[in-house]
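One file, protein_27.txt, carrying compact mmCIF, C-alpha atoms:
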```txt
# COMPACT_ATOMS: atom_id res chain seq x y z
CA LYS A 23 99.04 96.68 109.83
CA SER A 24 97.26 93.40 110.36
CA THR A 25 99.06 91.16 107.90
CA ASP A 26 102.62 89.84 107.76
CA THR A 27 103.28 90.46 111.45
CA ALA A 28 106.40 88.90 112.97
CA PRO A 29 104.45 86.16 114.81
CA GLU A 30 102.45 85.37 111.67
CA LEU A 31 105.59 85.11 109.54
CA ALA A 32 107.19 82.82 112.13
CA VAL A 33 104.17 80.48 112.09
CA ARG A 34 104.11 80.51 108.28
CA ARG A 35 107.83 79.64 108.13
CA LEU A 36 107.30 76.79 110.58
CA LEU A 37 104.33 75.40 108.64
CA HIS A 38 106.25 75.63 105.38
CA SER A 39 109.23 73.81 106.90
CA LEU A 40 106.84 71.05 108.03
CA GLY A 41 105.74 70.64 104.41
CA TYR A 42 102.34 72.34 104.58
CA ARG A 43 101.06 74.62 101.86
CA PHE A 44 98.34 77.14 102.53
CA ARG A 45 96.52 80.28 101.44
CA LEU A 46 96.67 83.65 103.18
CA HIS A 47 93.99 86.09 104.31
CA ARG A 48 91.06 84.80 102.26
CA ALA A 49 88.50 87.59 102.22
CA ASP A 50 85.62 85.19 101.49
CA ILE A 51 86.02 83.53 104.91
CA PRO A 52 84.75 85.28 108.08
CA GLY A 53 87.49 87.22 109.85
CA LYS A 54 89.90 86.96 106.91
CA PRO A 55 91.99 84.29 108.71
CA ASP A 56 95.77 84.57 108.65
CA ILE A 57 96.44 81.05 107.33
CA VAL A 58 93.88 78.98 105.43
CA PHE A 59 93.84 75.30 104.46
CA PRO A 60 90.87 75.24 102.05
CA THR A 61 90.74 71.50 101.30
CA SER A 62 90.54 70.49 104.98
CA LYS A 63 88.47 73.55 106.00
CA ARG A 64 90.91 74.58 108.71
CA VAL A 65 92.25 78.01 109.57
CA ILE A 66 94.97 79.30 111.87
CA LEU A 67 94.49 82.66 113.54
CA VAL A 68 97.73 84.23 114.76
CA HIS A 69 96.78 86.63 117.56
CA GLY A 70 98.88 89.35 119.12
CA CYS A 71 98.61 88.98 122.89
CA PHE A 72 97.98 92.69 123.50
CA TRP A 73 95.45 93.33 120.74
CA HIS A 74 93.43 90.17 121.40
CA GLN A 75 93.85 90.25 125.21
CA HIS A 76 95.61 86.99 125.97
CA SER A 77 95.97 86.12 129.67
CA CYS A 78 99.78 86.36 129.55
CA LYS A 79 101.94 89.32 130.63
CA LEU A 80 101.86 90.75 127.09
CA GLY A 81 98.06 91.03 127.22
CA ARG A 82 97.85 93.68 129.93
CA ILE A 83 95.59 96.69 129.47
CA PRO A 84 97.55 99.97 129.65
CA LYS A 85 97.12 101.95 132.88
CA GLY A 86 96.76 105.26 131.08
CA ASN A 87 93.74 106.34 129.04
CA GLN A 88 91.65 103.30 130.02
CA GLY A 89 88.52 105.02 128.71
CA TYR A 90 89.97 104.47 125.24
CA TRP A 91 91.77 101.14 125.62
CA VAL A 92 89.25 99.05 127.55
CA PRO A 93 86.35 99.39 125.07
CA LYS A 94 88.67 99.04 122.08
CA LEU A 95 90.30 95.84 123.33
CA LEU A 96 86.98 94.37 124.49
CA ARG A 97 85.57 94.93 120.98
CA ASN A 98 88.50 92.95 119.58
CA VAL A 99 87.81 90.07 121.98
CA GLN A 100 84.10 90.08 121.09
CA ARG A 101 84.91 90.17 117.37
CA ASP A 102 87.20 87.14 117.83
CA LYS A 103 84.35 85.21 119.48
CA ASP A 104 81.94 86.18 116.71
CA VAL A 105 84.39 85.12 114.00
CA ARG A 106 84.99 81.75 115.68
CA ARG A 107 81.22 81.19 115.89
CA GLN A 108 80.76 82.09 112.20
CA LEU A 109 83.60 79.79 111.17
CA ARG A 110 82.11 76.88 113.15
CA GLY A 111 78.72 77.55 111.57
CA LEU A 112 80.27 77.24 108.11
CA GLY A 113 82.05 73.99 109.00
CA TRP A 114 85.55 75.42 109.48
CA GLN A 115 87.87 74.43 112.33
CA ALA A 116 90.02 77.19 113.80
CA LEU A 117 93.19 77.18 115.87
CA ALA A 118 94.40 80.33 117.63
CA VAL A 119 98.16 80.70 118.01
CA TRP A 120 99.13 83.45 120.42
CA GLU A 121 102.16 85.69 119.94
CA CYS A 122 103.71 84.38 123.20
CA GLN A 123 103.40 80.77 121.98
CA VAL A 124 105.27 81.25 118.70
CA LYS A 125 108.69 80.48 120.18
CA GLU A 126 107.52 77.54 122.31
CA PRO A 127 109.13 74.22 121.35
CA GLY A 128 105.81 72.33 121.23
CA LEU A 129 104.22 74.55 118.60
CA ALA A 130 105.23 72.34 115.66
CA SER A 131 103.57 69.26 117.14
CA ARG A 132 100.48 71.28 118.10
CA LEU A 133 100.14 72.54 114.52
CA ARG A 134 100.70 69.05 113.12
CA ARG A 135 98.00 67.57 115.41
CA PHE A 136 95.53 70.27 114.34
CA LEU A 137 96.19 69.77 110.64
CA GLU A 138 96.11 65.96 110.56
```
So, in terms of structure tokens, how does the structure I just supplied come out?
Amino acid sequence: KSTDTAPELAVRRLLHSLGYRFRLHRADIPGKPDIVFPTSKRVILVHGCFWHQHSCKLGRIPKGNQGYWVPKLLRNVQRDKDVRRQLRGLGWQALAVWECQVKEPGLASRLRRFLE
């Protein structure tokens, strides 16, 4: 399940409370970004720390069955880089919000700075 995750819903609620309106998961944009602002050509990618290998404690690779997990998680990281490159090439600006950052108090101002 890649849509409507708890971190994504939290970011969407925060954006909505700040007065922003947006589109979700547009399939015509590379990577099908979580939150899309079409008029300003900006997208927000809400990443789970484990699945996208953030450098926080939630992003650790499991100790068991590393032959499965390491290649799988590295493919996710490479796909993220490719999607960011494609978005830049098409003139889109992207902001990644990590799962561990969702509850941080400065997130609202960070989002506002990115969108204005």
Exercise for the section: Using atom CA of Gly81 of chain A and atom CA of Leu96 of chain A as the two end points, give the distance in Å to one decimal. Expected result: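 Calculated distance between atom CA of Gly81 of chain A and atom CA of Leu96 of chain A is 11.9 Å.
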Problem - Closest of A:Leu129, A:Gly86, A:Val105, A:Ile51 to Arg34 of chain A - atom-to-atom distances counting only C-alpha atoms - result: A:Leu129
Exercise for the section: Between A:Ala28, A:Arg45, A:Ser39, A:Arg101, single out the one closest to Phe59 of chain A, counting all atoms listed in the file. Expected result: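 Closest to Phe59 of chain A of all the choices is A:Arg45.
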Practice task
May I ask which of the residues A:Leu117, A:Val33, A:Ala130, A:Cys122 is the closest one to Ile66 of chain A, counting all atoms listed in the file?
Solution key: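 That would be A:Leu117, the residue with the smallest distance to Ile66 of chain A.
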Practice task
Would you mind listing what lies within 12 Å of Arg82 of chain A as a PyMOL selection string, with only C-alpha atoms counted and same-chain residues fewer than 6 positions away left out?
Solution key: chain A and resi 70-76+88+91-92+95
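Distance check against Val58 of chain A using all atoms listed in the file: of A:Leu36, A:Leu31, A:Leu137, A:Leu112, the minimum falls on A:Leu137.
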Exercise for the section: Tell me which protein, DNA and RNA residues are within 8 Å of Arg106 of chain A, counting only C-alpha atoms, leaving out same-chain ones fewer than 4 positions away, and put them as a PyMOL selection string. Expected result: chain A and resi 102+110+116
Could you save those same residues with C-alpha atoms as a CSV table (one decimal), in the coordinates of the input?
```csv
chain,number,residue,atom,x,y,z
A,102,ASP,CA,87.2,87.1,117.8
A,110,ARG,CA,82.1,76.9,113.2
A,116,ALA,CA,90.0,77.2,113.8
```
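Computed from the coordinates, the atom CA of Leu67 of chain A to atom CA of Pro93 of chain A distance equals 21.9 Å.
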Handout entry: Among listed residues A:Arg134, A:Val99, A:Pro60, A:Thr27, nearest Gly41 of chain A (using all atoms listed in the file)
Key =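 Distance minimum relative to Gly41 of chain A lands on A:Arg134.
The interatomic distance for the pair atom CA of Arg43 of chain A and atom CA of Asp104 of chain A works out to 26.8 Å.
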Practice task
Compare A:Lys54, A:Lys94, A:His38, A:Lys85 by their minimum atom-to-atom distance to Gln108 of chain A, counting all atoms listed in the file, and give me the closest one.
Solution key: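 The closest residue to Gln108 of chain A is A:Lys54.
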Please extract segment 87-119 of chain A and write it out with N, CA, C and O atoms, as a PDB file, in the first residue's frame.
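The result, stored in result32.pdb:
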```
ATOM      1  N   ASN A  87      18.134 -12.023   6.545  1.00  0.00           N
ATOM      2  CA  ASN A  87      17.801 -12.124   5.119  1.00  0.00           C
ATOM      3  C   ASN A  87      18.300 -10.909   4.328  1.00  0.00           C
ATOM      4  O   ASN A  87      17.578 -10.336   3.512  1.00  0.00           O
ATOM      5  N   GLN A  88      19.547 -10.519   4.550  1.00  0.00           N
ATOM      6  CA  GLN A  88      20.096  -9.342   3.877  1.00  0.00           C
ATOM      7  C   GLN A  88      20.219  -9.546   2.370  1.00  0.00           C
ATOM      8  O   GLN A  88      20.212  -8.573   1.625  1.00  0.00           O
ATOM      9  N   GLY A  89      20.307 -10.785   1.932  1.00  0.00           N
ATOM     10  CA  GLY A  89      20.354 -11.050   0.495  1.00  0.00           C
ATOM     11  C   GLY A  89      19.093 -10.574  -0.207  1.00  0.00           C
ATOM     12  O   GLY A  89      19.104 -10.262  -1.402  1.00  0.00           O
ATOM     13  N   TYR A  90      17.996 -10.511   0.514  1.00  0.00           N
ATOM     14  CA  TYR A  90      16.733 -10.011  -0.029  1.00  0.00           C
ATOM     15  C   TYR A  90      16.603  -8.502   0.175  1.00  0.00           C
ATOM     16  O   TYR A  90      16.299  -7.756  -0.743  1.00  0.00           O
ATOM     17  N   TRP A  91      16.851  -8.046   1.418  1.00  0.00           N
ATOM     18  CA  TRP A  91      16.564  -6.662   1.768  1.00  0.00           C
ATOM     19  C   TRP A  91      17.509  -5.649   1.146  1.00  0.00           C
ATOM     20  O   TRP A  91      17.071  -4.586   0.702  1.00  0.00           O
ATOM     21  N   VAL A  92      18.794  -5.939   1.128  1.00  0.00           N
ATOM     22  CA  VAL A  92      19.756  -4.954   0.628  1.00  0.00           C
ATOM     23  C   VAL A  92      19.470  -4.575  -0.831  1.00  0.00           C
ATOM     24  O   VAL A  92      19.319  -3.389  -1.141  1.00  0.00           O
ATOM     25  N   PRO A  93      19.377  -5.544  -1.756  1.00  0.00           N
ATOM     26  CA  PRO A  93      19.087  -5.142  -3.143  1.00  0.00           C
ATOM     27  C   PRO A  93      17.736  -4.440  -3.297  1.00  0.00           C
ATOM     28  O   PRO A  93      17.612  -3.484  -4.055  1.00  0.00           O
ATOM     29  N   LYS A  94      16.740  -4.921  -2.563  1.00  0.00           N
ATOM     30  CA  LYS A  94      15.403  -4.325  -2.670  1.00  0.00           C
ATOM     31  C   LYS A  94      15.429  -2.863  -2.238  1.00  0.00           C
ATOM     32  O   LYS A  94      14.902  -1.987  -2.939  1.00  0.00           O
ATOM     33  N   LEU A  95      16.021  -2.581  -1.094  1.00  0.00           N
ATOM     34  CA  LEU A  95      16.045  -1.216  -0.579  1.00  0.00           C
ATOM     35  C   LEU A  95      16.953  -0.319  -1.413  1.00  0.00           C
ATOM     36  O   LEU A  95      16.641   0.859  -1.616  1.00  0.00           O
ATOM     37  N   LEU A  96      18.045  -0.858  -1.935  1.00  0.00           N
ATOM     38  CA  LEU A  96      18.917  -0.059  -2.805  1.00  0.00           C
ATOM     39  C   LEU A  96      18.216   0.304  -4.115  1.00  0.00           C
ATOM     40  O   LEU A  96      18.436   1.380  -4.660  1.00  0.00           O
ATOM     41  N   ARG A  97      17.376  -0.593  -4.625  1.00  0.00           N
ATOM     42  CA  ARG A  97      16.579  -0.272  -5.827  1.00  0.00           C
ATOM     43  C   ARG A  97      15.636   0.890  -5.545  1.00  0.00           C
ATOM     44  O   ARG A  97      15.438   1.767  -6.391  1.00  0.00           O
ATOM     45  N   ASN A  98      15.028   0.901  -4.357  1.00  0.00           N
ATOM     46  CA  ASN A  98      14.143   2.004  -3.990  1.00  0.00           C
ATOM     47  C   ASN A  98      14.900   3.324  -3.971  1.00  0.00           C
ATOM     48  O   ASN A  98      14.422   4.338  -4.482  1.00  0.00           O
ATOM     49  N   VAL A  99      16.097   3.326  -3.385  1.00  0.00           N
ATOM     50  CA  VAL A  99      16.904   4.545  -3.305  1.00  0.00           C
ATOM     51  C   VAL A  99      17.274   5.017  -4.711  1.00  0.00           C
ATOM     52  O   VAL A  99      17.186   6.210  -5.016  1.00  0.00           O
ATOM     53  N   GLN A 100      17.679   4.082  -5.575  1.00  0.00           N
ATOM     54  CA  GLN A 100      18.043   4.450  -6.945  1.00  0.00           C
ATOM     55  C   GLN A 100      16.836   4.992  -7.702  1.00  0.00           C
ATOM     56  O   GLN A 100      16.929   5.964  -8.443  1.00  0.00           O
ATOM     57  N   ARG A 101      15.670   4.372  -7.508  1.00  0.00           N
ATOM     58  CA  ARG A 101      14.447   4.849  -8.160  1.00  0.00           C
ATOM     59  C   ARG A 101      14.112   6.263  -7.711  1.00  0.00           C
ATOM     60  O   ARG A 101      13.723   7.116  -8.521  1.00  0.00           O
ATOM     61  N   ASP A 102      14.302   6.550  -6.411  1.00  0.00           N
ATOM     62  CA  ASP A 102      14.065   7.908  -5.898  1.00  0.00           C
ATOM     63  C   ASP A 102      14.959   8.915  -6.614  1.00  0.00           C
ATOM     64  O   ASP A 102      14.507   9.994  -7.012  1.00  0.00           O
ATOM     65  N   LYS A 103      16.249   8.581  -6.780  1.00  0.00           N
ATOM     66  CA  LYS A 103      17.171   9.481  -7.470  1.00  0.00           C
ATOM     67  C   LYS A 103      16.748   9.702  -8.922  1.00  0.00           C
ATOM     68  O   LYS A 103      16.787  10.822  -9.427  1.00  0.00           O
ATOM     69  N   ASP A 104      16.349   8.621  -9.585  1.00  0.00           N
ATOM     70  CA  ASP A 104      15.919   8.727 -10.980  1.00  0.00           C
ATOM     71  C   ASP A 104      14.680   9.604 -11.112  1.00  0.00           C
ATOM     72  O   ASP A 104      14.586  10.435 -12.019  1.00  0.00           O
ATOM     73  N   VAL A 105      13.735   9.435 -10.212  1.00  0.00           N
ATOM     74  CA  VAL A 105      12.498  10.224 -10.247  1.00  0.00           C
ATOM     75  C   VAL A 105      12.814  11.703 -10.021  1.00  0.00           C
ATOM     76  O   VAL A 105      12.301  12.567 -10.737  1.00  0.00           O
ATOM     77  N   ARG A 106      13.685  12.001  -9.058  1.00  0.00           N
ATOM     78  CA  ARG A 106      14.051  13.403  -8.804  1.00  0.00           C
ATOM     79  C   ARG A 106      14.703  14.022 -10.047  1.00  0.00           C
ATOM     80  O   ARG A 106      14.426  15.155 -10.400  1.00  0.00           O
ATOM     81  N   ARG A 107      15.563  13.256 -10.715  1.00  0.00           N
ATOM     82  CA  ARG A 107      16.226  13.739 -11.930  1.00  0.00           C
ATOM     83  C   ARG A 107      15.201  13.998 -13.035  1.00  0.00           C
ATOM     84  O   ARG A 107      15.253  15.027 -13.712  1.00  0.00           O
ATOM     85  N   GLN A 108      14.253  13.084 -13.214  1.00  0.00           N
ATOM     86  CA  GLN A 108      13.211  13.261 -14.228  1.00  0.00           C
ATOM     87  C   GLN A 108      12.357  14.485 -13.919  1.00  0.00           C
ATOM     88  O   GLN A 108      12.019  15.252 -14.826  1.00  0.00           O
ATOM     89  N   LEU A 109      11.991  14.657 -12.669  1.00  0.00           N
ATOM     90  CA  LEU A 109      11.176  15.812 -12.275  1.00  0.00           C
ATOM     91  C   LEU A 109      11.908  17.119 -12.584  1.00  0.00           C
ATOM     92  O   LEU A 109      11.331  18.046 -13.151  1.00  0.00           O
ATOM     93  N   ARG A 110      13.195  17.185 -12.202  1.00  0.00           N
ATOM     94  CA  ARG A 110      13.995  18.385 -12.496  1.00  0.00           C
ATOM     95  C   ARG A 110      14.042  18.648 -13.992  1.00  0.00           C
ATOM     96  O   ARG A 110      13.934  19.788 -14.437  1.00  0.00           O
ATOM     97  N   GLY A 111      14.221  17.594 -14.774  1.00  0.00           N
ATOM     98  CA  GLY A 111      14.286  17.735 -16.223  1.00  0.00           C
ATOM     99  C   GLY A 111      13.009  18.290 -16.824  1.00  0.00           C
ATOM    100  O   GLY A 111      13.035  18.941 -17.874  1.00  0.00           O
ATOM    101  N   LEU A 112      11.888  18.036 -16.176  1.00  0.00           N
ATOM    102  CA  LEU A 112      10.597  18.531 -16.657  1.00  0.00           C
ATOM    103  C   LEU A 112      10.217  19.876 -16.028  1.00  0.00           C
ATOM    104  O   LEU A 112       9.119  20.374 -16.251  1.00  0.00           O
ATOM    105  N   GLY A 113      11.115  20.438 -15.217  1.00  0.00           N
ATOM    106  CA  GLY A 113      10.861  21.743 -14.620  1.00  0.00           C
ATOM    107  C   GLY A 113      10.098  21.719 -13.312  1.00  0.00           C
ATOM    108  O   GLY A 113       9.602  22.754 -12.862  1.00  0.00           O
ATOM    109  N   TRP A 114      10.001  20.562 -12.667  1.00  0.00           N
ATOM    110  CA  TRP A 114       9.306  20.442 -11.389  1.00  0.00           C
ATOM    111  C   TRP A 114      10.308  20.565 -10.250  1.00  0.00           C
ATOM    112  O   TRP A 114      11.438  20.107 -10.358  1.00  0.00           O
ATOM    113  N   GLN A 115       9.881  21.165  -9.149  1.00  0.00           N
ATOM    114  CA  GLN A 115      10.670  21.202  -7.930  1.00  0.00           C
ATOM    115  C   GLN A 115      10.072  20.198  -6.961  1.00  0.00           C
ATOM    116  O   GLN A 115       8.849  20.099  -6.845  1.00  0.00           O
ATOM    117  N   ALA A 116      10.944  19.451  -6.272  1.00  0.00           N
ATOM    118  CA  ALA A 116      10.469  18.401  -5.370  1.00  0.00           C
ATOM    119  C   ALA A 116      11.032  18.601  -3.970  1.00  0.00           C
ATOM    120  O   ALA A 116      12.170  19.037  -3.798  1.00  0.00           O
ATOM    121  N   LEU A 117      10.203  18.292  -2.989  1.00  0.00           N
ATOM    122  CA  LEU A 117      10.615  18.320  -1.591  1.00  0.00           C
ATOM    123  C   LEU A 117      10.299  16.946  -1.007  1.00  0.00           C
ATOM    124  O   LEU A 117       9.175  16.455  -1.139  1.00  0.00           O
ATOM    125  N   ALA A 118      11.307  16.332  -0.380  1.00  0.00           N
ATOM    126  CA  ALA A 118      11.095  15.054   0.299  1.00  0.00           C
ATOM    127  C   ALA A 118      10.842  15.322   1.776  1.00  0.00           C
ATOM    128  O   ALA A 118      11.609  16.030   2.430  1.00  0.00           O
ATOM    129  N   VAL A 119       9.762  14.774   2.281  1.00  0.00           N
ATOM    130  CA  VAL A 119       9.456  14.832   3.712  1.00  0.00           C
ATOM    131  C   VAL A 119       9.556  13.404   4.225  1.00  0.00           C
ATOM    132  O   VAL A 119       8.869  12.511   3.733  1.00  0.00           O
TER     133      VAL A 119
END
```
